[in-house]
Amino acid sequence: MSGKKIGLTLGKYAPFHRGHQHVIDTALMEMDEVIVIIYDCPETIDVPLSVRAGWIRRLYPDVRVIEAWDGPTETGDTPEIKRSQEQYVLGLLQGQRITHFYSSEFYGEHMSEALHAVNRLVDPERREVPISGTRVREMPYEERAFVHPVVYRDLIAKVVFLGAPSTGKTTLAAYMADRHNTVWMPEYGREYWELHQSDRRLTQDQLVEIAEGHRDREDALALQARRYLFVDTNAITTYMFSLDYHGAAHPNLAALAEEASKRYDLVFLCEDDIPYDDTWDRSGAVHRGKFHKQIKADLLTRRIPFIPLRGSLEERADRVDEVMKLFAKYRSLGERL
């Protein structure tokens, strides 16, 4: 054990980017064990500490992550600030021996001295990975190549439009994406249905494939999104279709619907107050009204907050924008109100 090399690095990771990964990757190559301390920093970024720590744990399962919820907030090069930071880190480690301290910052020198560790600087001039947390916060879309997909998806607000068939979801999703210069996720179920339906029906297993396919495409599209991803329908609607078609739903589809209940930042319900577009793949205006009531009841049962949308396309879009002006990802809507 005396010869075991244990590396430590720390930061706010606000957000976690390729530069941070470069430091951890280097430490993993050189050390027997790596520890990462991550600070709470609500003054810097809205993304909670638990979410940011989750990024590191997911990408680096072999790294020990310590969440510093009560760390000192002052930064700088004064003796007082240095001493405060050193004492806090030593307290978190509780006597844990550290042989190498990894960073690309000025504090590497004084922190490594306090730890009696080697000061291992990694790319301090940002030549190998020319990015910073400030740059990513200011321009996340433009700098997304420096952010892992696991992280970038969590920076995008997902806005989903639900409702019965022919309630304007597709038109509104495309319209909002154009208005906000981003991408939108079409209803995968429609595409799948046209290719695989038999006598206007799909099996329960096929409905699971729809929900899975929709989720996977949505995740891929999120990497192209600019701040928002607008989504036409989700697994909850597919689940409701299964109940309508079969009187039951596959357990995997029920699980996907439950996952979808926590997947979106804003949920809008398109009401059935617009003219019904009667196409061959739909079941009629009367069924639309019934199905719409069932979707609304399901959302209420799941206790999913949703905003009803009525009126013309412009009226609906303006209402969405009103809500979005009050919305900030990772902040309570109650605070904004």
# chains A, B, ... in the order shown; residues from 1 in each chain; ligands from 1
>>> residues_around(residues="stretch 28-36 of chain A", least_positions_apart="6", cutoff="7 Å", atoms="only C-alpha atoms", output="number ranges by chain")
A: 4-10, 63-66
>>> write_last_selection(atoms="all heavy atoms", output="PDB file, in the first residue's frame")
ATOM      1  N   LYS A   4       1.350   2.697  -3.393  1.00  0.00           N
ATOM      2  CA  LYS A   4       0.160   2.964  -4.213  1.00  0.00           C
ATOM      3  C   LYS A   4       0.079   4.443  -4.560  1.00  0.00           C
ATOM      4  O   LYS A   4       0.214   5.315  -3.693  1.00  0.00           O
ATOM      5  CB  LYS A   4      -1.088   2.534  -3.457  1.00  0.00           C
ATOM      6  CG  LYS A   4      -2.365   2.614  -4.276  1.00  0.00           C
ATOM      7  CD  LYS A   4      -3.553   2.083  -3.480  1.00  0.00           C
ATOM      8  CE  LYS A   4      -4.819   2.113  -4.306  1.00  0.00           C
ATOM      9  NZ  LYS A   4      -5.985   1.589  -3.539  1.00  0.00           N
ATOM     10  N   LYS A   5      -0.135   4.722  -5.832  1.00  0.00           N
ATOM     11  CA  LYS A   5      -0.233   6.114  -6.291  1.00  0.00           C
ATOM     12  C   LYS A   5      -1.702   6.529  -6.330  1.00  0.00           C
ATOM     13  O   LYS A   5      -2.515   5.916  -7.026  1.00  0.00           O
ATOM     14  CB  LYS A   5       0.400   6.264  -7.670  1.00  0.00           C
ATOM     15  CG  LYS A   5       1.915   6.029  -7.671  1.00  0.00           C
ATOM     16  CD  LYS A   5       2.527   6.278  -9.034  1.00  0.00           C
ATOM     17  CE  LYS A   5       2.095   5.222 -10.048  1.00  0.00           C
ATOM     18  NZ  LYS A   5       2.786   5.381 -11.351  1.00  0.00           N
ATOM     19  N   ILE A   6      -2.025   7.589  -5.577  1.00  0.00           N
ATOM     20  CA  ILE A   6      -3.407   8.060  -5.463  1.00  0.00           C
ATOM     21  C   ILE A   6      -3.468   9.507  -5.923  1.00  0.00           C
ATOM     22  O   ILE A   6      -2.831  10.395  -5.331  1.00  0.00           O
ATOM     23  CB  ILE A   6      -3.919   7.937  -4.019  1.00  0.00           C
ATOM     24  CG1 ILE A   6      -3.807   6.483  -3.542  1.00  0.00           C
ATOM     25  CG2 ILE A   6      -5.369   8.415  -3.927  1.00  0.00           C
ATOM     26  CD1 ILE A   6      -4.138   6.285  -2.082  1.00  0.00           C
ATOM     27  N   GLY A   7      -4.217   9.754  -6.987  1.00  0.00           N
ATOM     28  CA  GLY A   7      -4.340  11.092  -7.541  1.00  0.00           C
ATOM     29  C   GLY A   7      -5.624  11.777  -7.123  1.00  0.00           C
ATOM     30  O   GLY A   7      -6.665  11.130  -6.967  1.00  0.00           O
ATOM     31  N   LEU A   8      -5.538  13.077  -6.944  1.00  0.00           N
ATOM     32  CA  LEU A   8      -6.708  13.892  -6.593  1.00  0.00           C
ATOM     33  C   LEU A   8      -6.804  15.064  -7.556  1.00  0.00           C
ATOM     34  O   LEU A   8      -5.797  15.682  -7.913  1.00  0.00           O
ATOM     35  CB  LEU A   8      -6.574  14.424  -5.159  1.00  0.00           C
ATOM     36  CG  LEU A   8      -7.618  15.476  -4.734  1.00  0.00           C
ATOM     37  CD1 LEU A   8      -8.999  14.844  -4.603  1.00  0.00           C
ATOM     38  CD2 LEU A   8      -7.206  16.159  -3.426  1.00  0.00           C
ATOM     39  N   THR A   9      -8.020  15.361  -7.967  1.00  0.00           N
ATOM     40  CA  THR A   9      -8.291  16.592  -8.706  1.00  0.00           C
ATOM     41  C   THR A   9      -9.604  17.154  -8.188  1.00  0.00           C
ATOM     42  O   THR A   9     -10.396  16.435  -7.555  1.00  0.00           O
ATOM     43  CB  THR A   9      -8.339  16.364 -10.229  1.00  0.00           C
ATOM     44  OG1 THR A   9      -8.439  17.632 -10.895  1.00  0.00           O
ATOM     45  CG2 THR A   9      -9.524  15.495 -10.629  1.00  0.00           C
ATOM     46  N   LEU A  10      -9.839  18.419  -8.436  1.00  0.00           N
ATOM     47  CA  LEU A  10     -11.054  19.041  -7.920  1.00  0.00           C
ATOM     48  C   LEU A  10     -11.503  20.169  -8.837  1.00  0.00           C
ATOM     49  O   LEU A  10     -10.752  20.653  -9.686  1.00  0.00           O
ATOM     50  CB  LEU A  10     -10.838  19.548  -6.491  1.00  0.00           C
ATOM     51  CG  LEU A  10      -9.679  20.529  -6.225  1.00  0.00           C
ATOM     52  CD1 LEU A  10     -10.011  21.958  -6.636  1.00  0.00           C
ATOM     53  CD2 LEU A  10      -9.293  20.494  -4.755  1.00  0.00           C
ATOM     54  N   VAL A  63     -13.789   6.082 -10.714  1.00  0.00           N
ATOM     55  CA  VAL A  63     -13.302   7.238  -9.959  1.00  0.00           C
ATOM     56  C   VAL A  63     -14.162   7.425  -8.709  1.00  0.00           C
ATOM     57  O   VAL A  63     -15.381   7.270  -8.746  1.00  0.00           O
ATOM     58  CB  VAL A  63     -13.345   8.505 -10.841  1.00  0.00           C
ATOM     59  CG1 VAL A  63     -13.192   9.759 -10.000  1.00  0.00           C
ATOM     60  CG2 VAL A  63     -12.244   8.454 -11.895  1.00  0.00           C
ATOM     61  N   ARG A  64     -13.526   7.764  -7.611  1.00  0.00           N
ATOM     62  CA  ARG A  64     -14.258   8.093  -6.382  1.00  0.00           C
ATOM     63  C   ARG A  64     -14.608   9.582  -6.413  1.00  0.00           C
ATOM     64  O   ARG A  64     -13.715  10.429  -6.507  1.00  0.00           O
ATOM     65  CB  ARG A  64     -13.409   7.776  -5.151  1.00  0.00           C
ATOM     66  CG  ARG A  64     -14.071   8.151  -3.825  1.00  0.00           C
ATOM     67  CD  ARG A  64     -13.116   7.931  -2.668  1.00  0.00           C
ATOM     68  NE  ARG A  64     -13.627   8.507  -1.436  1.00  0.00           N
ATOM     69  CZ  ARG A  64     -12.884   8.765  -0.359  1.00  0.00           C
ATOM     70  NH1 ARG A  64     -11.594   8.464  -0.390  1.00  0.00           N
ATOM     71  NH2 ARG A  64     -13.414   9.294   0.719  1.00  0.00           N
ATOM     72  N   VAL A  65     -15.899   9.877  -6.361  1.00  0.00           N
ATOM     73  CA  VAL A  65     -16.368  11.262  -6.431  1.00  0.00           C
ATOM     74  C   VAL A  65     -16.828  11.710  -5.048  1.00  0.00           C
ATOM     75  O   VAL A  65     -17.653  11.046  -4.411  1.00  0.00           O
ATOM     76  CB  VAL A  65     -17.521  11.411  -7.444  1.00  0.00           C
ATOM     77  CG1 VAL A  65     -18.017  12.855  -7.478  1.00  0.00           C
ATOM     78  CG2 VAL A  65     -17.063  10.960  -8.831  1.00  0.00           C
ATOM     79  N   ILE A  66     -16.302  12.839  -4.584  1.00  0.00           N
ATOM     80  CA  ILE A  66     -16.702  13.421  -3.304  1.00  0.00           C
ATOM     81  C   ILE A  66     -17.438  14.730  -3.585  1.00  0.00           C
ATOM     82  O   ILE A  66     -16.895  15.635  -4.230  1.00  0.00           O
ATOM     83  CB  ILE A  66     -15.480  13.697  -2.412  1.00  0.00           C
ATOM     84  CG1 ILE A  66     -14.729  12.386  -2.113  1.00  0.00           C
ATOM     85  CG2 ILE A  66     -15.903  14.372  -1.108  1.00  0.00           C
ATOM     86  CD1 ILE A  66     -13.444  12.581  -1.312  1.00  0.00           C
TER      87      ILE A  66
END
>>> closest_atom_pairs(of="stretch 191-227 of chain A", to="stretch 143-163 of chain A", cutoff="7 Å", atoms="only C-alpha atoms", output="Markdown table")
| residue | atom | partner | partner_atom | distance |
| --- | --- | --- | --- | --- |
| A:Ala222 | CA | A:Arg153 | CA | 5.8 |
| A:Leu223 | CA | A:Arg153 | CA | 6.3 |
| A:Arg227 | CA | A:Ile156 | CA | 5.0 |
>>> atom_distance(atom1="atom CA of A:Leu269", atom2="atom CA of A:Ala164")
9.1 Å
>>> residues_around(residues="A:Leu90", least_positions_apart="6", cutoff="10 Å", atoms="only C-alpha atoms", output="ChimeraX atom specification")
/A:96-97,111,114-115
>>> closest_residue(among="A:His110, A:Arg120, A:Arg135, A:Lys290", to="A:Ile81", atoms="only C-alpha atoms")
A:His110
>>> closest_residue(among="A:Ile210, A:Ile307, A:Cys41, A:Ala177", to="A:His196", atoms="only C-alpha atoms")
A:Ile210
>>> select_by_dssp(residues="stretch 40-98 of chain A", states="alpha helix (DSSP H)", output="ChimeraX atom specification")
/A:49-59,79-93
>>> atom_distance(atom1="atom CA of A:Asp178", atom2="atom CA of A:Ala317")
11.2 Å
>>> residues_around(residues="A:Phe291", least_positions_apart="6", cutoff="10 Å", atoms="only C-alpha atoms", output="PyMOL selection string")
chain A and resi 163-165+237+240-241+244+285+297
>>> residues_around(residues="A:His180", least_positions_apart="3", cutoff="12 Å", atoms="only C-alpha atoms", output="PDB file with N, CA and C atoms, in the first residue's frame")
ATOM      1  N   ALA A 173     -44.771  21.783 -33.031  1.00  0.00           N
ATOM      2  CA  ALA A 173     -43.380  21.432 -32.711  1.00  0.00           C
ATOM      3  C   ALA A 173     -42.434  21.968 -33.781  1.00  0.00           C
ATOM      4  N   ALA A 174     -42.797  21.777 -35.046  1.00  0.00           N
ATOM      5  CA  ALA A 174     -41.961  22.274 -36.142  1.00  0.00           C
ATOM      6  C   ALA A 174     -41.898  23.802 -36.125  1.00  0.00           C
ATOM      7  N   TYR A 175     -43.025  24.440 -35.848  1.00  0.00           N
ATOM      8  CA  TYR A 175     -43.108  25.893 -35.835  1.00  0.00           C
ATOM      9  C   TYR A 175     -42.234  26.476 -34.723  1.00  0.00           C
ATOM     10  N   MET A 176     -42.300  25.882 -33.532  1.00  0.00           N
ATOM     11  CA  MET A 176     -41.515  26.389 -32.404  1.00  0.00           C
ATOM     12  C   MET A 176     -40.020  26.185 -32.641  1.00  0.00           C
ATOM     13  N   ALA A 177     -39.653  25.059 -33.255  1.00  0.00           N
ATOM     14  CA  ALA A 177     -38.239  24.823 -33.549  1.00  0.00           C
ATOM     15  C   ALA A 177     -37.711  25.874 -34.512  1.00  0.00           C
ATOM     16  N   VAL A 183     -33.866  22.301 -33.332  1.00  0.00           N
ATOM     17  CA  VAL A 183     -34.408  21.118 -34.006  1.00  0.00           C
ATOM     18  C   VAL A 183     -35.634  20.623 -33.239  1.00  0.00           C
ATOM     19  N   TRP A 184     -36.381  19.740 -33.897  1.00  0.00           N
ATOM     20  CA  TRP A 184     -37.543  19.157 -33.238  1.00  0.00           C
ATOM     21  C   TRP A 184     -37.615  17.671 -33.546  1.00  0.00           C
ATOM     22  N   ALA A 225     -29.460  20.173 -30.731  1.00  0.00           N
ATOM     23  CA  ALA A 225     -30.393  21.214 -30.301  1.00  0.00           C
ATOM     24  C   ALA A 225     -29.663  22.444 -29.772  1.00  0.00           C
ATOM     25  N   ARG A 226     -30.296  23.573 -29.944  1.00  0.00           N
ATOM     26  CA  ARG A 226     -29.802  24.841 -29.407  1.00  0.00           C
ATOM     27  C   ARG A 226     -30.743  25.274 -28.284  1.00  0.00           C
ATOM     28  N   ARG A 227     -30.358  25.011 -27.088  1.00  0.00           N
ATOM     29  CA  ARG A 227     -31.079  25.369 -25.860  1.00  0.00           C
ATOM     30  C   ARG A 227     -32.349  24.547 -25.653  1.00  0.00           C
ATOM     31  N   TYR A 228     -33.198  24.425 -26.691  1.00  0.00           N
ATOM     32  CA  TYR A 228     -34.449  23.684 -26.567  1.00  0.00           C
ATOM     33  C   TYR A 228     -34.524  22.562 -27.597  1.00  0.00           C
ATOM     34  N   LEU A 229     -35.183  21.469 -27.201  1.00  0.00           N
ATOM     35  CA  LEU A 229     -35.583  20.428 -28.142  1.00  0.00           C
ATOM     36  C   LEU A 229     -37.088  20.300 -28.026  1.00  0.00           C
ATOM     37  N   PHE A 230     -37.790  20.567 -29.124  1.00  0.00           N
ATOM     38  CA  PHE A 230     -39.243  20.444 -29.140  1.00  0.00           C
ATOM     39  C   PHE A 230     -39.617  19.052 -29.631  1.00  0.00           C
ATOM     40  N   ALA A 317     -48.443  29.168 -30.123  1.00  0.00           N
ATOM     41  CA  ALA A 317     -47.005  29.440 -30.081  1.00  0.00           C
ATOM     42  C   ALA A 317     -46.690  30.585 -29.128  1.00  0.00           C
ATOM     43  N   VAL A 320     -46.841  29.287 -25.611  1.00  0.00           N
ATOM     44  CA  VAL A 320     -45.630  28.521 -25.294  1.00  0.00           C
ATOM     45  C   VAL A 320     -44.491  29.467 -24.946  1.00  0.00           C
ATOM     46  N   ASP A 321     -44.328  30.520 -25.731  1.00  0.00           N
ATOM     47  CA  ASP A 321     -43.251  31.469 -25.459  1.00  0.00           C
ATOM     48  C   ASP A 321     -43.450  32.205 -24.138  1.00  0.00           C
ATOM     49  N   MET A 324     -42.236  29.828 -21.584  1.00  0.00           N
ATOM     50  CA  MET A 324     -40.789  29.626 -21.669  1.00  0.00           C
ATOM     51  C   MET A 324     -40.007  30.823 -21.146  1.00  0.00           C
TER      52      MET A 324
END
>>> atom_distance(atom1="atom CA of A:Ile295", atom2="atom CA of A:Leu207")
16.7 Å
>>> residues_around(residues="A:Val129", least_positions_apart="2", cutoff="9 Å", atoms="only C-alpha atoms", output="list in words")
Arg18, Gly19, His22, Asp123, Arg126, Arg127, Ile131, Ser132 and Phe146 of chain A
>>> residues_around(residues="A:Leu299", least_positions_apart="4", cutoff="10 Å", atoms="only C-alpha atoms", output="JSON list (two decimals) with N, CA and C atoms, in the first residue's frame")
[["chain", "number", "residue", "atom", "x", "y", "z"],
["A", 162, "LEU", "N", -48.19, 17.09, -26.20],
["A", 162, "LEU", "CA", -49.03, 15.90, -26.14],
["A", 162, "LEU", "C", -50.44, 16.23, -26.58],
["A", 236, "ILE", "N", -45.77, 8.16, -23.26],
["A", 236, "ILE", "CA", -47.06, 8.15, -22.56],
["A", 236, "ILE", "C", -48.19, 7.99, -23.56],
["A", 261, "SER", "N", -42.48, 10.30, -17.87],
["A", 261, "SER", "CA", -43.14, 11.24, -16.95],
["A", 261, "SER", "C", -42.13, 12.14, -16.25],
["A", 267, "VAL", "N", -44.28, 20.41, -20.34],
["A", 267, "VAL", "CA", -45.27, 19.57, -21.00],
["A", 267, "VAL", "C", -46.46, 20.44, -21.39],
["A", 269, "LEU", "N", -50.22, 20.45, -23.44],
["A", 269, "LEU", "CA", -51.30, 19.60, -23.94],
["A", 269, "LEU", "C", -52.08, 20.37, -25.00],
["A", 294, "GLN", "N", -58.77, 10.90, -22.20],
["A", 294, "GLN", "CA", -57.98, 9.85, -21.54],
["A", 294, "GLN", "C", -56.53, 10.29, -21.31],
["A", 295, "ILE", "N", -55.96, 10.98, -22.30],
["A", 295, "ILE", "CA", -54.59, 11.47, -22.13],
["A", 295, "ILE", "C", -54.52, 12.49, -21.01],
["A", 303, "ARG", "N", -49.65, 13.01, -12.04],
["A", 303, "ARG", "CA", -49.28, 14.28, -11.41],
["A", 303, "ARG", "C", -48.17, 15.00, -12.19],
["A", 304, "ILE", "N", -48.35, 15.00, -13.50],
["A", 304, "ILE", "CA", -47.42, 15.71, -14.38],
["A", 304, "ILE", "C", -47.99, 17.11, -14.65],
["A", 305, "PRO", "N", -47.30, 18.16, -14.23],
["A", 305, "PRO", "CA", -47.79, 19.51, -14.54],
["A", 305, "PRO", "C", -47.79, 19.74, -16.06],
["A", 306, "PHE", "N", -48.90, 20.26, -16.58],
["A", 306, "PHE", "CA", -48.96, 20.54, -18.01],
["A", 306, "PHE", "C", -49.71, 21.83, -18.25]]
>>> closest_residue(among="A:Ile98, A:Asp273, A:Gln197, A:Tyr192", to="A:Gly3", atoms="only C-alpha atoms")
A:Ile98
>>> select_by_dssp(residues="stretch 116-157 of chain A", states="strand (DSSP E)", output="ChimeraX atom specification")
/A:118-121,157
>>> decode(residues="stretch 121-138 of chain A", atoms="N, CA, C and O atoms", output="compact mmCIF listing (two decimals), in the first residue's frame")
# COMPACT_ATOMS: atom_id res chain seq x y z
N LEU A 121 0.64 19.21 -13.17
CA LEU A 121 -0.09 20.12 -14.05
C LEU A 121 -0.37 19.43 -15.39
O LEU A 121 0.52 18.80 -15.96
N VAL A 122 -1.60 19.60 -15.88
CA VAL A 122 -2.01 18.99 -17.14
C VAL A 122 -2.53 20.09 -18.07
O VAL A 122 -3.55 20.72 -17.78
N ASP A 123 -1.82 20.33 -19.15
CA ASP A 123 -2.25 21.30 -20.18
C ASP A 123 -2.66 22.64 -19.57
O ASP A 123 -3.76 23.14 -19.82
N PRO A 124 -1.81 23.29 -18.77
CA PRO A 124 -2.19 24.55 -18.13
C PRO A 124 -2.46 25.68 -19.11
O PRO A 124 -3.19 26.62 -18.78
N GLU A 125 -1.88 25.62 -20.29
CA GLU A 125 -2.08 26.69 -21.27
C GLU A 125 -3.23 26.38 -22.24
O GLU A 125 -3.47 27.13 -23.19
N ARG A 126 -3.95 25.29 -21.99
CA ARG A 126 -5.13 24.90 -22.79
C ARG A 126 -4.80 24.74 -24.28
O ARG A 126 -5.59 25.10 -25.14
N ARG A 127 -3.64 24.18 -24.56
CA ARG A 127 -3.27 23.96 -25.95
C ARG A 127 -3.84 22.66 -26.49
O ARG A 127 -4.26 22.58 -27.65
N GLU A 128 -3.85 21.63 -25.64
CA GLU A 128 -4.36 20.33 -26.10
C GLU A 128 -5.89 20.34 -26.18
O GLU A 128 -6.46 19.76 -27.11
N VAL A 129 -6.53 20.96 -25.21
CA VAL A 129 -8.00 21.06 -25.21
C VAL A 129 -8.35 22.52 -24.95
O VAL A 129 -8.50 22.95 -23.80
N PRO A 130 -8.49 23.32 -26.00
CA PRO A 130 -8.69 24.76 -25.84
C PRO A 130 -10.14 25.14 -25.49
O PRO A 130 -10.91 25.62 -26.33
N ILE A 131 -10.51 24.92 -24.24
CA ILE A 131 -11.88 25.23 -23.82
C ILE A 131 -11.86 25.58 -22.34
O ILE A 131 -10.93 25.24 -21.61
N SER A 132 -12.92 26.28 -21.91
CA SER A 132 -13.09 26.62 -20.50
C SER A 132 -14.56 26.49 -20.13
O SER A 132 -15.44 26.53 -21.00
N GLY A 133 -14.84 26.38 -18.83
CA GLY A 133 -16.22 26.31 -18.39
C GLY A 133 -16.98 27.58 -18.72
O GLY A 133 -18.15 27.54 -19.09
N THR A 134 -16.30 28.72 -18.59
CA THR A 134 -16.95 30.01 -18.92
C THR A 134 -17.40 30.02 -20.37
O THR A 134 -18.53 30.44 -20.69
N ARG A 135 -16.54 29.57 -21.26
CA ARG A 135 -16.87 29.54 -22.69
C ARG A 135 -18.07 28.63 -22.96
O ARG A 135 -18.96 28.97 -23.73
N VAL A 136 -18.10 27.48 -22.32
CA VAL A 136 -19.21 26.55 -22.54
C VAL A 136 -20.50 27.14 -21.99
O VAL A 136 -21.57 27.02 -22.61
N ARG A 137 -20.44 27.78 -20.83
CA ARG A 137 -21.65 28.40 -20.27
C ARG A 137 -22.18 29.50 -21.18
O ARG A 137 -23.38 29.67 -21.34
N GLU A 138 -21.27 30.27 -21.76
CA GLU A 138 -21.69 31.39 -22.61
C GLU A 138 -22.19 30.93 -23.97
O GLU A 138 -23.12 31.52 -24.52
